[in-house]
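Asks: What follows is a single structure, and I will ask about it in a moment.
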Number of protein chains: 2
Amino acid sequence: MAVSVVSSGSVSNNSAESLCPYRLVLEHLTSRWGVLVLIELLEGPRRFGELRRAVGRVSEKMLTQTLQTLERDGMVHRDAKPVIPPRVDYSLTELGHEAATQVRALGRWTQARMDDVAQARARYDAAKTPA
Amino acid sequence: MAVSVVSSGSVSNNSAESLCPYRLVLEHLTSRWGVLVLIELLEGPRRFGELRRAVGRVSEKMLTQTLQTLERDGMVHRDAKPVIPPRVDYSLTELGHEAATQVRALGRWTQARMDDVAQARARYDAAKTPA
DNA sequence: CGGTATCCAAAAGGATACTG
DNA sequence: CAGTATCCTTTTGGATACCG
């Protein structure tokens, strides 16, 4: 009856605030900036500034936060070189590589299906606004 | 240089507010309640109240919003029976079934890897708080 | 039952300034 | 360069009340 990823039921009712732990990790992987960081890192190691430019419009705060979360979850490896000026390289761990590959697959699937989505929306909107 | 899901680069810089369209759809699929609804519907059609109980602690507002978004994107089919009291069945479209399958796969992978994540976190936290 | 509408609290997110 | 700290705006989400 309830939603579970593993068996046929039960979401493992998230009491109040905290959802089941895996849900939190999943949200990190699929978060707005997490997705883009993972996909970019799939191309190879990147410096902080490179990621910033690659991702587009991220504030330093959010990129930092995203990277720290992914590092803590064991998805991203942070290599800070003790030089002046500072140089920090980020790369995927093996775990992160597995995750990123799946995230990218879902992203690609979505892109490939955007025409279907657009058509569905057109139908939906037309039905809603017949006037 | 920039993150793209399709080629080797470019996130397709999201100018300001709106991200590229596919990113929005991806966020619908991977949203807090979207994930749980898709996974539950993979088990079969569900009524509004059934989904509400299965997902756990969702407000009516959020479940309605989630279902409407997924319906508009063509992932979910809504079948409202004209009876008293009202009865509405939700089910996955073919598109939604494809999406849900991938979402569930990512969810399952995450669950299967939770031990690795926990260990990574323990290491990270230990390194941060050596005192 | 299956919603919609409104209001309010909480969290996410960005701009700016500053540091090692 | 790669952050951290602070402030403020925007978005998200829940509680409540009401409707068909």
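Labeling convention for the structure tokens: chains A, B, ... as they appear, residues from 1 per chain, ligands from 1 in order of appearance.
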Within 9 Å of stretch 4-16 of chain D, counting only C-alpha atoms (C1' of nucleotides), which residues show up once you throw out same-chain ones fewer than 5 positions away? Write them as number ranges by chain, please.

Replies: A: 61; B: 58-59, 61-62; C: 6-19

Asks: Sort by chain and increasing residue number a table of all residues of chain D within 8 Å of chain A, each with its closest pair of atoms and their distance in Å to one decimal, counting only C-alpha atoms (C1' of nucleotides), and write it as CSV.

Replies:
```
residue,atom,partner,partner_atom,distance
D:DC1,C1',A:Pro86,CA,5.2
D:DA2,C1',A:Pro86,CA,6.4
D:DG3,C1',A:Thr64,CA,7.8
```

Asks: Would you mind exporting all heavy atoms of the selected residues as a tab-separated table (two decimals), in the first residue's frame?

Replies:
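Result written to part-v7.tsv:
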```
chain	number	residue	atom	x	y	z
D	1	DC	P	40.69	33.97	-10.21
D	1	DC	OP1	40.48	33.24	-11.44
D	1	DC	OP2	39.58	34.79	-9.70
D	1	DC	O5'	41.09	32.91	-9.11
D	1	DC	C5'	42.02	31.91	-9.43
D	1	DC	C4'	42.00	30.92	-8.31
D	1	DC	O4'	42.30	31.63	-7.07
D	1	DC	C3'	40.65	30.24	-8.10
D	1	DC	O3'	40.88	28.86	-7.85
D	1	DC	C2'	40.03	30.95	-6.89
D	1	DC	C1'	41.26	31.43	-6.11
D	1	DC	N1	41.07	32.74	-5.43
D	1	DC	C2	41.33	32.84	-4.06
D	1	DC	O2	41.71	31.85	-3.45
D	1	DC	N3	41.19	34.04	-3.46
D	1	DC	C4	40.80	35.10	-4.15
D	1	DC	N4	40.66	36.27	-3.50
D	1	DC	C5	40.51	35.02	-5.56
D	1	DC	C6	40.66	33.84	-6.15
D	2	DA	P	39.71	27.78	-7.82
D	2	DA	OP1	40.31	26.47	-8.09
D	2	DA	OP2	38.64	28.27	-8.69
D	2	DA	O5'	39.21	27.77	-6.31
D	2	DA	C5'	40.12	27.34	-5.30
D	2	DA	C4'	39.54	27.62	-3.95
D	2	DA	O4'	39.55	29.03	-3.69
D	2	DA	C3'	38.07	27.18	-3.79
D	2	DA	O3'	37.93	26.49	-2.55
D	2	DA	C2'	37.30	28.49	-3.78
D	2	DA	C1'	38.32	29.39	-3.10
D	2	DA	N9	38.10	30.82	-3.29
D	2	DA	C8	37.66	31.48	-4.41
D	2	DA	N7	37.53	32.78	-4.26
D	2	DA	C5	37.92	32.99	-2.94
D	2	DA	C6	38.00	34.16	-2.16
D	2	DA	N6	37.68	35.37	-2.61
D	2	DA	N1	38.42	34.02	-0.87
D	2	DA	C2	38.73	32.79	-0.42
D	2	DA	N3	38.69	31.61	-1.07
D	2	DA	C4	38.27	31.79	-2.34
D	3	DG	P	36.68	25.51	-2.31
D	3	DG	OP1	36.84	24.84	-1.01
D	3	DG	OP2	36.52	24.72	-3.52
D	3	DG	O5'	35.44	26.53	-2.24
D	3	DG	C5'	34.79	26.65	-1.00
D	3	DG	C4'	35.52	27.62	-0.09
D	3	DG	O4'	35.82	28.80	-0.85
D	3	DG	C3'	34.69	28.10	1.08
D	3	DG	O3'	34.96	27.33	2.22
D	3	DG	C2'	35.08	29.56	1.28
D	3	DG	C1'	35.92	29.89	0.05
D	3	DG	N9	35.42	31.07	-0.64
D	3	DG	C8	34.95	31.16	-1.94
D	3	DG	N7	34.61	32.37	-2.28
D	3	DG	C5	34.87	33.13	-1.15
D	3	DG	C6	34.70	34.52	-0.93
D	3	DG	O6	34.27	35.38	-1.70
D	3	DG	N1	35.08	34.89	0.37
D	3	DG	C2	35.56	34.01	1.33
D	3	DG	N2	35.87	34.53	2.52
D	3	DG	N3	35.74	32.72	1.12
D	3	DG	C4	35.37	32.35	-0.13
```

Asks: I'd like the neighbourhood of A:His28 as a ChimeraX atom specification, where a residue qualifies if any of its atoms comes within 12 Å (using only C-alpha atoms (C1' of nucleotides)), though same-chain residues fewer than 2 positions away should be ignored.

Replies: /A:21-26,30-38,65-76,96,99-100,103 /B:30-32,107,110,117

Asks: Name the residues of stretch 44-116 of chain A that come out as strand (DSSP E or B) in a backbone DSSP run; write them as a list in words.

Replies: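 Those in stretch 44-116 of chain A that DSSP calls strand (DSSP E or B) are Arg46, Arg47, Val76, His77, Arg78, Asp79, Ala80, Lys81, Arg87, Val88, Asp89, Tyr90, Ser91 and Leu92 of chain A.
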
Asks: Generate a file of the selected residues that holds N, CA, C and O atoms, formatted as an mmCIF file, in the first residue's frame.

Replies:
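To be explicit, this is the file written out as again.cif:
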```cif
data_model
loop_
_atom_site.group_PDB
_atom_site.id
_atom_site.type_symbol
_atom_site.label_atom_id
_atom_site.label_comp_id
_atom_site.auth_asym_id
_atom_site.auth_seq_id
_atom_site.Cartn_x
_atom_site.Cartn_y
_atom_site.Cartn_z
ATOM 1 N N ARG A 46 37.376 18.947 -12.184
ATOM 2 C CA ARG A 46 37.159 20.365 -12.423
ATOM 3 C C ARG A 46 37.546 21.181 -11.196
ATOM 4 O O ARG A 46 37.342 20.733 -10.065
ATOM 5 N N ARG A 47 38.029 22.385 -11.432
ATOM 6 C CA ARG A 47 38.313 23.301 -10.333
ATOM 7 C C ARG A 47 37.029 24.015 -9.951
ATOM 8 O O ARG A 47 36.047 23.992 -10.712
ATOM 9 N N VAL A 76 31.803 12.877 -4.239
ATOM 10 C CA VAL A 76 32.811 13.760 -4.832
ATOM 11 C C VAL A 76 34.072 13.771 -3.978
ATOM 12 O O VAL A 76 34.010 13.748 -2.746
ATOM 13 N N HIS A 77 35.209 13.793 -4.663
ATOM 14 C CA HIS A 77 36.479 13.889 -3.957
ATOM 15 C C HIS A 77 37.029 15.306 -4.104
ATOM 16 O O HIS A 77 37.022 15.871 -5.189
ATOM 17 N N ARG A 78 37.490 15.839 -2.981
ATOM 18 C CA ARG A 78 38.001 17.215 -2.974
ATOM 19 C C ARG A 78 39.500 17.181 -2.741
ATOM 20 O O ARG A 78 39.981 16.648 -1.751
ATOM 21 N N ASP A 79 40.227 17.762 -3.674
ATOM 22 C CA ASP A 79 41.688 17.761 -3.573
ATOM 23 C C ASP A 79 42.189 19.199 -3.516
ATOM 24 O O ASP A 79 42.296 19.875 -4.544
ATOM 25 N N ALA A 80 42.484 19.654 -2.303
ATOM 26 C CA ALA A 80 42.943 21.032 -2.106
ATOM 27 C C ALA A 80 44.466 21.087 -2.102
ATOM 28 O O ALA A 80 45.099 20.550 -1.203
ATOM 29 N N LYS A 81 45.011 21.734 -3.090
ATOM 30 C CA LYS A 81 46.463 21.876 -3.149
ATOM 31 C C LYS A 81 46.899 23.053 -2.286
ATOM 32 O O LYS A 81 46.353 24.145 -2.414
ATOM 33 N N ARG A 87 44.253 26.242 -4.978
ATOM 34 C CA ARG A 87 43.755 25.473 -6.114
ATOM 35 C C ARG A 87 43.084 24.221 -5.576
ATOM 36 O O ARG A 87 43.694 23.442 -4.845
ATOM 37 N N VAL A 88 41.828 24.054 -5.929
ATOM 38 C CA VAL A 88 41.076 22.902 -5.448
ATOM 39 C C VAL A 88 40.455 22.165 -6.622
ATOM 40 O O VAL A 88 39.739 22.766 -7.418
ATOM 41 N N ASP A 89 40.741 20.884 -6.703
ATOM 42 C CA ASP A 89 40.168 20.082 -7.775
ATOM 43 C C ASP A 89 39.106 19.147 -7.238
ATOM 44 O O ASP A 89 39.306 18.500 -6.210
ATOM 45 N N TYR A 90 38.004 19.090 -7.958
ATOM 46 C CA TYR A 90 36.917 18.186 -7.581
ATOM 47 C C TYR A 90 36.808 17.087 -8.629
ATOM 48 O O TYR A 90 36.966 17.340 -9.823
ATOM 49 N N SER A 91 36.548 15.887 -8.158
ATOM 50 C CA SER A 91 36.362 14.772 -9.084
ATOM 51 C C SER A 91 35.356 13.801 -8.496
ATOM 52 O O SER A 91 35.032 13.863 -7.304
ATOM 53 N N LEU A 92 34.861 12.897 -9.320
ATOM 54 C CA LEU A 92 33.899 11.900 -8.849
ATOM 55 C C LEU A 92 34.622 10.732 -8.191
ATOM 56 O O LEU A 92 35.675 10.302 -8.659
#
```

Asks: Report, in Å with one decimal, the straight-line distance from atom CA of A:Val55 to atom CA of A:Thr93.

Replies: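 Separation of atom CA of A:Val55 and atom CA of A:Thr93: 19.4 Å.
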
Asks: What separation in Å, quoted to one decimal, exists between atom CA of B:Ala105 and atom CA of B:Cys20?

Replies: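 Computed distance, atom CA of B:Ala105 to atom CA of B:Cys20, equals 24.4 Å.
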
Asks: With 9 Å as the cut-off and only C-alpha atoms (C1' of nucleotides) counted, what is the closest atom pair between each nearby residue of chain C and chain B? Distances in Å to one decimal, ordered by chain and number, as a Markdown table.

Replies:
```
| residue | atom | partner | partner_atom | distance |
| --- | --- | --- | --- | --- |
| C:DC1 | C1' | B:Pro86 | CA | 5.2 |
| C:DG2 | C1' | B:Pro86 | CA | 6.4 |
| C:DG3 | C1' | B:Thr64 | CA | 7.8 |
| C:DT4 | C1' | B:Lys61 | CA | 8.9 |
```

Asks: Could you pull out the alpha helix (DSSP H) residues of stretch 25-73 of chain A from DSSP and send them as a PyMOL selection string?

Replies: chain A and resi 25-30+32-41+48-55+60-72

Asks: Next, write the just-selected residues to a file, as a CSV table (one decimal), in the first residue's frame, keeping N, CA, C and O atoms as the atom set.

Replies:
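Written file, selection.csv:
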```csv
chain,number,residue,atom,x,y,z
A,25,VAL,N,19.6,11.4,0.5
A,25,VAL,CA,20.8,11.3,-0.4
A,25,VAL,C,20.3,11.4,-1.8
A,25,VAL,O,20.9,12.1,-2.6
A,26,LEU,N,19.1,10.8,-2.1
A,26,LEU,CA,18.5,10.9,-3.4
A,26,LEU,C,18.3,12.4,-3.8
A,26,LEU,O,18.5,12.8,-4.9
A,27,GLU,N,17.8,13.2,-2.8
A,27,GLU,CA,17.6,14.6,-3.0
A,27,GLU,C,18.9,15.3,-3.3
A,27,GLU,O,18.9,16.3,-4.1
A,28,HIS,N,19.9,14.9,-2.7
A,28,HIS,CA,21.2,15.6,-2.9
A,28,HIS,C,21.6,15.3,-4.4
A,28,HIS,O,22.1,16.2,-5.1
A,29,LEU,N,21.4,14.1,-4.8
A,29,LEU,CA,21.8,13.7,-6.2
A,29,LEU,C,21.0,14.4,-7.2
A,29,LEU,O,21.5,14.7,-8.3
A,30,THR,N,19.7,14.6,-6.9
A,30,THR,CA,18.8,15.1,-7.9
A,30,THR,C,18.5,16.6,-7.7
A,30,THR,O,17.6,17.1,-8.3
A,32,ARG,N,18.8,20.7,-7.7
A,32,ARG,CA,19.0,21.6,-8.8
A,32,ARG,C,20.5,21.7,-9.2
A,32,ARG,O,20.8,21.5,-10.4
A,33,TRP,N,21.4,21.9,-8.3
A,33,TRP,CA,22.8,22.1,-8.7
A,33,TRP,C,23.5,20.7,-8.6
A,33,TRP,O,24.5,20.6,-9.4
A,34,GLY,N,23.1,19.8,-7.8
A,34,GLY,CA,23.7,18.5,-7.7
A,34,GLY,C,23.8,17.8,-9.0
A,34,GLY,O,24.8,17.3,-9.4
A,35,VAL,N,22.6,17.8,-9.7
A,35,VAL,CA,22.5,17.2,-11.0
A,35,VAL,C,23.6,17.7,-12.0
A,35,VAL,O,24.3,17.0,-12.6
A,36,LEU,N,23.7,19.0,-12.1
A,36,LEU,CA,24.6,19.7,-13.0
A,36,LEU,C,26.0,19.4,-12.7
A,36,LEU,O,26.9,19.2,-13.5
A,37,VAL,N,26.3,19.5,-11.4
A,37,VAL,CA,27.7,19.2,-10.9
A,37,VAL,C,28.1,17.8,-11.2
A,37,VAL,O,29.2,17.6,-11.8
A,38,LEU,N,27.3,16.8,-10.9
A,38,LEU,CA,27.6,15.4,-11.2
A,38,LEU,C,27.8,15.2,-12.7
A,38,LEU,O,28.8,14.5,-13.1
A,39,ILE,N,27.0,15.8,-13.5
A,39,ILE,CA,27.1,15.6,-14.9
A,39,ILE,C,28.4,16.2,-15.5
A,39,ILE,O,29.1,15.6,-16.3
A,40,GLU,N,28.7,17.4,-15.0
A,40,GLU,CA,29.9,18.0,-15.4
A,40,GLU,C,31.1,17.3,-15.0
A,40,GLU,O,32.1,17.1,-15.8
A,41,LEU,N,31.1,16.8,-13.8
A,41,LEU,CA,32.3,16.0,-13.3
A,41,LEU,C,32.5,14.7,-14.0
A,41,LEU,O,33.6,14.1,-14.0
A,48,PHE,N,37.0,24.6,-8.8
A,48,PHE,CA,35.9,25.3,-8.3
A,48,PHE,C,35.3,26.3,-9.4
A,48,PHE,O,34.2,26.3,-9.7
A,49,GLY,N,36.2,27.2,-9.8
A,49,GLY,CA,35.9,28.2,-10.8
A,49,GLY,C,35.4,27.6,-12.1
A,49,GLY,O,34.5,28.1,-12.7
A,50,GLU,N,36.0,26.5,-12.5
A,50,GLU,CA,35.5,25.9,-13.7
A,50,GLU,C,34.1,25.4,-13.6
A,50,GLU,O,33.3,25.5,-14.5
A,51,LEU,N,33.8,24.7,-12.5
A,51,LEU,CA,32.5,24.3,-12.2
A,51,LEU,C,31.5,25.4,-12.2
A,51,LEU,O,30.4,25.3,-12.8
A,52,ARG,N,31.9,26.5,-11.6
A,52,ARG,CA,31.0,27.7,-11.5
A,52,ARG,C,30.6,28.2,-12.9
A,52,ARG,O,29.5,28.4,-13.2
A,53,ARG,N,31.6,28.2,-13.7
A,53,ARG,CA,31.4,28.7,-15.1
A,53,ARG,C,30.6,27.7,-15.9
A,53,ARG,O,29.6,28.0,-16.6
A,54,ALA,N,30.9,26.4,-15.7
A,54,ALA,CA,30.3,25.3,-16.5
A,54,ALA,C,28.8,25.2,-16.1
A,54,ALA,O,27.9,25.1,-17.0
A,55,VAL,N,28.5,25.3,-14.8
A,55,VAL,CA,27.1,25.1,-14.4
A,55,VAL,C,26.2,26.3,-14.8
A,55,VAL,O,25.0,26.2,-15.0
A,60,GLU,N,28.2,31.4,-5.4
A,60,GLU,CA,29.3,30.6,-4.8
A,60,GLU,C,28.8,29.8,-3.6
A,60,GLU,O,29.2,28.7,-3.4
A,61,LYS,N,27.9,30.4,-2.9
A,61,LYS,CA,27.3,29.8,-1.7
A,61,LYS,C,26.7,28.4,-2.1
A,61,LYS,O,27.0,27.4,-1.4
A,62,MET,N,25.8,28.4,-3.1
A,62,MET,CA,25.2,27.2,-3.5
A,62,MET,C,26.1,26.1,-4.0
A,62,MET,O,26.0,24.9,-3.8
A,63,LEU,N,27.1,26.6,-4.8
A,63,LEU,CA,28.1,25.6,-5.3
A,63,LEU,C,28.9,25.0,-4.2
A,63,LEU,O,29.1,23.8,-4.2
A,64,THR,N,29.3,25.8,-3.3
A,64,THR,CA,30.0,25.3,-2.1
A,64,THR,C,29.2,24.3,-1.4
A,64,THR,O,29.7,23.2,-1.0
A,65,GLN,N,28.0,24.7,-1.1
A,65,GLN,CA,27.1,23.9,-0.3
A,65,GLN,C,26.8,22.5,-1.0
A,65,GLN,O,26.9,21.5,-0.4
A,66,THR,N,26.6,22.6,-2.3
A,66,THR,CA,26.4,21.4,-3.1
A,66,THR,C,27.6,20.5,-3.1
A,66,THR,O,27.4,19.3,-2.9
A,67,LEU,N,28.7,21.1,-3.3
A,67,LEU,CA,30.0,20.3,-3.3
A,67,LEU,C,30.2,19.6,-2.0
A,67,LEU,O,30.7,18.5,-1.9
A,68,GLN,N,30.0,20.4,-0.9
A,68,GLN,CA,30.2,19.8,0.4
A,68,GLN,C,29.3,18.7,0.7
A,68,GLN,O,29.7,17.7,1.3
A,69,THR,N,28.0,18.8,0.3
A,69,THR,CA,27.1,17.8,0.6
A,69,THR,C,27.5,16.5,-0.2
A,69,THR,O,27.4,15.4,0.3
A,70,LEU,N,27.8,16.7,-1.5
A,70,LEU,CA,28.2,15.6,-2.3
A,70,LEU,C,29.5,14.9,-1.8
A,70,LEU,O,29.7,13.7,-1.9
A,71,GLU,N,30.4,15.8,-1.3
A,71,GLU,CA,31.6,15.2,-0.7
A,71,GLU,C,31.3,14.4,0.5
A,71,GLU,O,31.8,13.3,0.7
A,72,ARG,N,30.5,14.9,1.4
A,72,ARG,CA,30.1,14.2,2.6
A,72,ARG,C,29.4,12.9,2.3
A,72,ARG,O,29.7,11.9,3.0
```

Asks: Atom CA of B:Leu42 and atom CA of B:Arg104, how far apart in Å?

Replies: 8.9 Å
